[in-house]
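Below is the file run22.cif, which contains mmCIF, C-alpha atoms.
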```cif
data_data
#
loop_
_atom_site.label_atom_id
_atom_site.label_comp_id
_atom_site.auth_asym_id
_atom_site.auth_seq_id
_atom_site.Cartn_x
_atom_site.Cartn_y
_atom_site.Cartn_z
CA MET A 730 0.00 0.00 0.00
CA ALA A 731 2.84 2.33 0.80
CA GLU A 732 4.28 1.62 -2.62
CA GLY A 733 0.93 2.43 -4.21
CA ALA A 734 0.70 5.70 -2.26
CA SER A 735 4.22 6.51 -3.40
CA ARG A 736 3.22 5.96 -7.00
CA ARG A 737 0.16 8.17 -6.58
CA GLY A 738 2.27 10.88 -4.97
CA GLY A 739 4.79 10.60 -7.79
CA SER A 740 1.99 10.87 -10.33
CA ARG A 741 0.76 14.11 -8.77
CA SER A 742 4.29 15.47 -8.80
CA ASP A 743 4.63 14.50 -12.47
CA ASP A 744 1.33 16.25 -13.22
CA ARG A 745 2.59 19.43 -11.57
CA ARG A 746 5.83 19.30 -13.52
CA SER A 747 3.90 18.72 -16.74
CA ALA A 748 1.60 21.67 -16.08
CA ASP A 749 4.63 23.78 -15.21
CA GLN A 750 6.26 22.90 -18.50
CA LEU A 751 3.12 23.90 -20.40
CA PHE A 752 3.14 27.38 -18.84
CA ASP A 753 4.71 29.80 -21.31
CA ARG A 754 7.10 32.09 -19.48
CA GLU A 755 9.11 33.32 -22.41
CA LEU A 756 6.23 34.49 -24.63
CA ASP A 757 8.57 34.53 -27.63
CA HIS A 758 5.63 34.71 -30.04
CA LEU A 759 4.70 38.19 -28.77
CA PRO A 760 6.23 41.50 -29.83
CA PRO A 761 8.64 42.85 -27.16
CA GLU A 762 6.31 45.61 -25.92
CA VAL A 763 3.33 43.25 -25.62
CA ARG A 764 5.51 40.62 -23.92
CA TRP A 765 6.74 43.15 -21.35
CA ARG A 766 3.18 44.27 -20.64
CA GLU A 767 2.08 40.67 -20.08
CA TRP A 768 4.95 40.10 -17.68
CA MET A 769 4.02 43.26 -15.79
CA ASN A 770 0.42 42.09 -15.54
CA ARG A 771 1.46 38.66 -14.29
CA VAL A 772 3.71 40.10 -11.61
CA GLU A 773 1.19 42.63 -10.40
CA ALA A 774 -1.64 40.09 -10.36
CA THR A 775 0.46 37.62 -8.36
CA ILE A 776 1.45 40.22 -5.77
CA PHE A 777 -2.11 41.54 -5.56
CA ALA A 778 -3.51 38.05 -4.91
CA ALA A 779 -0.94 37.12 -2.26
CA SER A 780 -1.55 37.67 1.45
CA GLU A 781 2.19 37.76 2.19
CA PRO A 782 5.06 39.56 0.44
CA VAL A 783 6.01 37.77 -2.78
CA GLY A 784 9.70 37.03 -3.21
CA ARG A 785 11.91 37.22 -6.26
CA GLU A 786 12.10 33.44 -6.72
CA THR A 787 8.31 33.20 -6.89
CA LEU A 788 8.06 35.96 -9.48
CA ALA A 789 10.83 34.36 -11.55
CA ARG A 790 8.47 31.42 -12.20
CA ILE A 791 6.06 33.52 -14.24
CA VAL A 792 8.38 35.62 -16.42
CA GLY A 793 11.08 34.89 -18.99
CA LYS A 794 14.63 34.03 -18.02
CA SER A 795 15.97 37.27 -19.52
CA CYS A 796 13.36 39.42 -17.75
CA SER A 797 14.58 41.87 -15.11
CA ILE A 798 12.14 41.69 -12.21
CA ASP A 799 13.51 44.92 -10.76
CA LEU A 800 12.77 46.79 -13.99
CA LEU A 801 9.29 45.27 -14.10
CA ILE A 802 8.62 46.43 -10.55
CA ASP A 803 9.91 49.91 -11.42
CA ASP A 804 7.53 50.14 -14.39
CA ILE A 805 4.58 48.93 -12.30
CA ARG A 806 5.33 51.45 -9.57
CA GLU A 807 5.61 54.21 -12.15
CA GLU A 808 2.11 53.39 -13.38
CA LEU A 809 0.85 53.46 -9.79
CA ARG A 810 1.97 57.05 -9.25
CA GLY A 811 -1.05 59.03 -8.17
CA ARG A 812 -2.91 55.89 -7.11
CA PRO A 813 -3.86 55.40 -3.42
CA TYR A 814 -1.66 52.29 -3.18
CA ASP A 815 1.87 51.29 -4.12
CA LEU A 816 4.07 48.24 -4.63
CA VAL A 817 6.46 48.16 -1.69
CA ALA A 818 9.55 46.06 -0.98
CA VAL A 819 9.02 44.60 2.49
CA ALA A 820 10.15 41.50 4.42
CA GLY A 821 12.16 40.11 1.52
CA GLY A 822 9.44 40.45 -1.13
CA TRP A 823 6.92 42.84 -2.62
CA LYS A 824 3.45 43.69 -1.37
CA HIS A 825 0.62 46.04 -2.33
CA LEU A 826 0.18 48.61 0.43
CA THR A 827 -2.12 51.60 0.64
CA ARG A 828 -0.43 54.95 0.96
CA PRO A 829 -0.28 56.44 4.49
CA ALA A 830 -2.26 59.51 3.37
CA TYR A 831 -5.38 57.33 3.09
CA ALA A 832 -5.12 55.62 6.49
CA ASP A 833 -7.78 57.86 8.08
CA ALA A 834 -10.20 57.29 5.20
CA ILE A 835 -9.75 53.51 5.45
CA ARG A 836 -10.30 53.54 9.21
CA ALA A 837 -13.42 55.67 8.79
CA ALA A 838 -14.81 53.28 6.18
CA VAL A 839 -13.95 49.83 7.56
CA GLY A 840 -12.36 50.36 10.97
CA ASP A 841 -8.93 49.11 11.93
CA GLY A 842 -9.35 45.75 10.21
CA GLU A 843 -6.55 43.44 11.28
CA LYS A 844 -5.38 43.95 14.82
CA ALA A 845 -2.37 46.22 14.85
CA THR A 846 0.54 45.49 17.15
CA ASP A 847 0.36 47.95 20.03
CA LEU A 848 3.95 48.61 21.01
CA THR A 849 5.12 50.90 23.78
CA GLN A 850 8.11 53.15 23.33
CA SER A 851 10.13 50.82 25.57
CA GLU A 852 9.24 47.84 23.41
CA VAL A 853 10.20 49.70 20.23
CA LEU A 854 13.57 50.53 21.78
CA VAL A 855 14.26 46.95 22.84
CA LEU A 856 13.18 45.62 19.43
CA MET A 857 15.49 48.03 17.68
CA CYS A 858 18.37 47.07 19.96
CA ILE A 859 17.79 43.39 19.20
CA ALA A 860 17.51 44.14 15.48
CA TYR A 861 20.85 45.95 15.45
CA PHE A 862 22.80 43.54 17.67
CA GLN A 863 21.13 40.15 17.19
CA PRO A 864 21.57 37.48 18.24
CA ILE A 865 21.51 38.88 21.78
CA THR A 866 20.64 37.43 25.19
CA ARG A 867 18.25 38.87 27.76
CA ALA A 868 21.19 39.43 30.12
CA GLU A 869 23.02 41.37 27.40
CA LEU A 870 19.93 43.49 26.84
CA SER A 871 19.68 44.20 30.56
CA SER A 872 23.35 45.16 30.66
CA PHE A 873 22.91 47.39 27.62
CA PHE A 874 20.05 49.38 29.17
CA GLY A 875 21.23 49.20 32.76
CA LYS A 876 17.83 47.86 33.80
CA GLU A 877 16.44 44.37 34.15
CA ILE A 878 14.59 43.15 31.07
CA SER A 879 12.01 40.76 32.46
CA ARG A 880 10.96 37.42 30.99
CA ASP A 881 7.41 38.76 30.73
CA PHE A 882 8.64 41.73 28.74
CA ILE A 883 10.39 39.46 26.24
CA GLY A 884 7.38 37.13 26.30
CA HIS A 885 5.06 39.93 25.25
CA LEU A 886 7.23 40.71 22.24
CA ARG A 887 7.40 37.03 21.34
CA GLY A 888 3.66 36.70 21.72
CA ALA A 889 3.27 39.58 19.27
CA GLY A 890 5.42 37.66 16.79
CA MET A 891 8.21 40.25 16.81
CA LEU A 892 10.89 37.97 18.30
CA ALA A 893 12.07 34.37 18.00
CA SER A 894 14.74 32.31 19.72
CA GLY A 895 18.16 32.46 18.16
CA PRO A 896 21.15 30.15 18.69
CA ARG A 897 22.46 29.38 22.13
CA SER A 898 25.03 31.88 23.35
CA PRO A 899 28.59 30.57 23.80
CA THR A 900 28.69 32.29 27.22
CA PRO A 901 28.48 30.26 30.47
CA GLY A 902 25.12 28.55 30.84
CA ALA A 903 24.50 28.75 27.08
CA PRO A 904 21.45 31.00 27.40
CA TYR A 905 19.11 31.49 24.46
CA THR A 906 19.56 34.51 22.26
CA TYR A 907 16.79 36.44 20.55
CA VAL A 908 16.38 37.58 16.97
CA THR A 909 13.76 39.58 15.13
CA THR A 910 11.28 37.95 12.78
CA LYS A 911 9.60 38.52 9.43
CA GLU A 912 6.69 40.02 11.38
CA PHE A 913 9.10 42.62 12.73
CA LEU A 914 10.05 43.59 9.18
CA LEU A 915 6.38 43.82 8.18
CA GLU A 916 5.47 45.87 11.24
CA PHE A 917 8.17 48.46 10.54
CA GLY A 918 7.90 48.36 6.74
CA LEU A 919 11.44 47.07 6.21
CA ASP A 920 12.60 44.91 3.32
CA THR A 921 15.66 43.59 5.16
CA LEU A 922 17.55 44.49 8.34
CA ARG A 923 19.90 46.52 6.16
CA ASP A 924 17.07 49.04 5.86
CA LEU A 925 17.10 49.81 9.58
CA PRO A 926 17.29 53.55 10.25
CA ASP A 927 19.85 55.04 12.55
CA PHE A 928 18.82 56.16 16.02
CA GLU A 929 18.68 59.79 14.92
CA ALA A 930 16.05 58.87 12.34
CA LEU A 931 14.01 57.10 15.01
CA GLU A 932 14.21 60.19 17.17
CA ASP A 933 13.10 62.38 14.26
CA ALA A 934 10.13 60.07 13.76
CA GLY A 935 9.11 60.55 17.40
CA LEU A 936 9.66 56.88 18.30
CA LEU A 937 12.58 57.51 20.62
CA SER A 938 13.89 60.40 22.66
CA LYS A 939 17.52 60.62 23.69
CA GLU A 940 16.69 63.15 26.39
CA ARG A 941 14.07 60.89 27.96
CA LEU A 942 16.37 57.89 27.62
CA LEU A 943 19.17 59.69 29.46
CA ALA A 944 16.70 60.86 32.09
CA GLY A 945 15.67 57.26 32.67
CA ASP A 946 11.93 57.79 32.11
CA ILE A 947 11.61 56.16 28.68
CA LEU A 948 12.01 52.61 30.01
CA PRO A 949 9.41 52.29 32.77
CA ASP A 950 8.02 48.84 32.00
CA PHE A 951 10.97 46.50 31.41
CA SER A 952 10.19 44.62 34.61
CA SER A 953 6.42 44.90 34.51
CA SER A 954 4.15 41.94 33.85
CA HIS A 955 2.39 41.58 30.48
CA GLN A 956 -0.84 39.62 30.43
CA ASN A 957 -0.21 38.56 26.83
CA ALA A 958 3.05 36.77 27.61
CA ASP A 959 1.55 33.32 27.10
CA LEU A 960 4.64 31.63 25.63
CA GLU A 961 7.28 29.78 27.61
CA ILE A 962 10.34 31.97 27.70
CA GLU A 963 13.85 30.58 27.74
CA ASP A 964 16.54 32.41 29.67
#
```
Target encoding structure tokens, full file:
Amino acid sequence: MAEGASRRGGSRSDDRRSADQLFDRELDHLPPEVRWREWMNRVEATIFAASEPVGRETLARIVGKSCSIDLLIDDIREELRGRPYDLVAVAGGWKHLTRPAYADAIRAAVGDGEKATDLTQSEVLVLMCIAYFQPITRAELSSFFGKEISRDFIGHLRGAGMLASGPRSPTPGAPYTYVTTKEFLLEFGLDTLRDLPDFEALEDAGLLSKERLLAGDILPDFSSSHQNADLEIED
């Protein structure tokens, strides 16, 4: 029976490969301008239909081998100028996102929709520190800020999907380290960690304040309990 199931599974795989071979990526029969337009349409339709950012490898399956995906994206974005949405590079792929100017109109029409991650200023600061210096342990975070970073505090960020466990630290006791996640990139609109702003940019955006940090009143809740910390936290 196992052999029969294997054959059936192999048959399905063969069917997928056959269908894949029948899909015309190159479109050699079309004039260059028409071919380019079809590739643009395919890429935009795929990104529009996806719930998550679509990566380069996925898009490469629907266009010709000689096609520049970056140039396609540039042309699509050019056509979207003046539209209330854009094609944005985020979390290692591309995603359709509405422009910030229309956020109030969307909220007025349909409410907040998906639950947004409600982060305090302290949590933003810790997340940014982890993003810049990951993988990093909780003890290293506490040493960095000069205040104890509680397990509950880390648990809240993990529960929000912003953090994940990294490799064990080579320090005594081999504690777990923490790293940021794809959800972190999505939340902050970053394509990769290389797009992280400097601290001055965060201050300009009103997310952090050096004066308050130095005064010690920007980090009030590192040791406080979070009711949403429902994951087991490793030290």
With only C-alpha atoms as the atoms that count, which of A:Arg828, A:Leu809, A:Pro899, A:Gly822 lies nearest to Glu781 (chain A)?
->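 Counting only C-alpha atoms, the residue closest to Glu781 (chain A) is A:Gly822.
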Residues returned when the PyMOL selection byres ((chain A and resi 867) around 8) runs on this file, as a VMD selection string | chain A and resid 865 to 866 868 to 871 878 906 to 907 964
For CA of Ile805 (chain A) and CA of Glu773 (chain A), quote the distance in Å rounded to one decimal.
-> 7.4 Å
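Applied to the file shown here, the PyMOL selection byres ((chain A and resi 894) around 8) selects Leu892, Ala893, Gly895, Pro896, Tyr905, Thr906, Tyr907 and Val908 of chain A.
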Atom pair CA of His825 (chain A) + CA of Thr787 (chain A), distance 15.6 Å
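Residues captured in this structure file are Asp753, Arg754, Glu755, Leu756, Asp757, Arg764, Trp765, Glu767, Trp768, Met769, Arg771, Val772, Thr787, Leu788, Ala789, Arg790, Ile791, Cys796, Ser797, Ile798 and Leu801 of chain A, according to the PyMOL selection byres ((chain A and resi 792-795) around 10).
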Starting from the point (16.0, 49.2, 16.5), work out which residues of protein, DNA or RNA have an atom no more than 9 Å away when counting all atoms listed in the file; state them as an NGL selection string.
-> :A and (853-862 or 925-928 or 931)
Between CA of Ala830 (chain A) and CA of Pro813 (chain A) - distance in Å to one decimal |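 Taking CA of Pro813 (chain A) and CA of Ala830 (chain A), their separation equals 8.1 Å.
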Select, counting only C-alpha atoms, all protein, DNA and RNA residues no farther than 9 Å from (3.2, 50.3, -7.3) in file coordinates, and express the selection as a PyMOL selection string.
-> chain A and resi 773+802-810+812+814-817+824-826
Counting all atoms listed in the file, the residue of A:Thr827, A:Ser879, A:Thr775, A:Thr909 that sits nearest Gln863 (chain A) = A:Thr909
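Remark: for Gly884 (chain A), the closest of the candidate residues A:Arg897, A:Pro864, A:Asp799, A:Glu852 is A:Glu852 (distances computed over only C-alpha atoms).
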Axis-aligned box for region 924-927 of chain A, 4 Å per side, centre and edges in Å as JSON:
```
{"center_x": 18.5, "center_y": 52.0, "center_z": 9.2, "size_x": 10.8, "size_y": 14.0, "size_z": 14.7}
```
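Take the candidates A:Asp833, A:Glu877, A:Glu762, A:Asp920 and check each one against Gly784 (chain A) using only C-alpha atoms; the shortest distance goes to A:Asp920.
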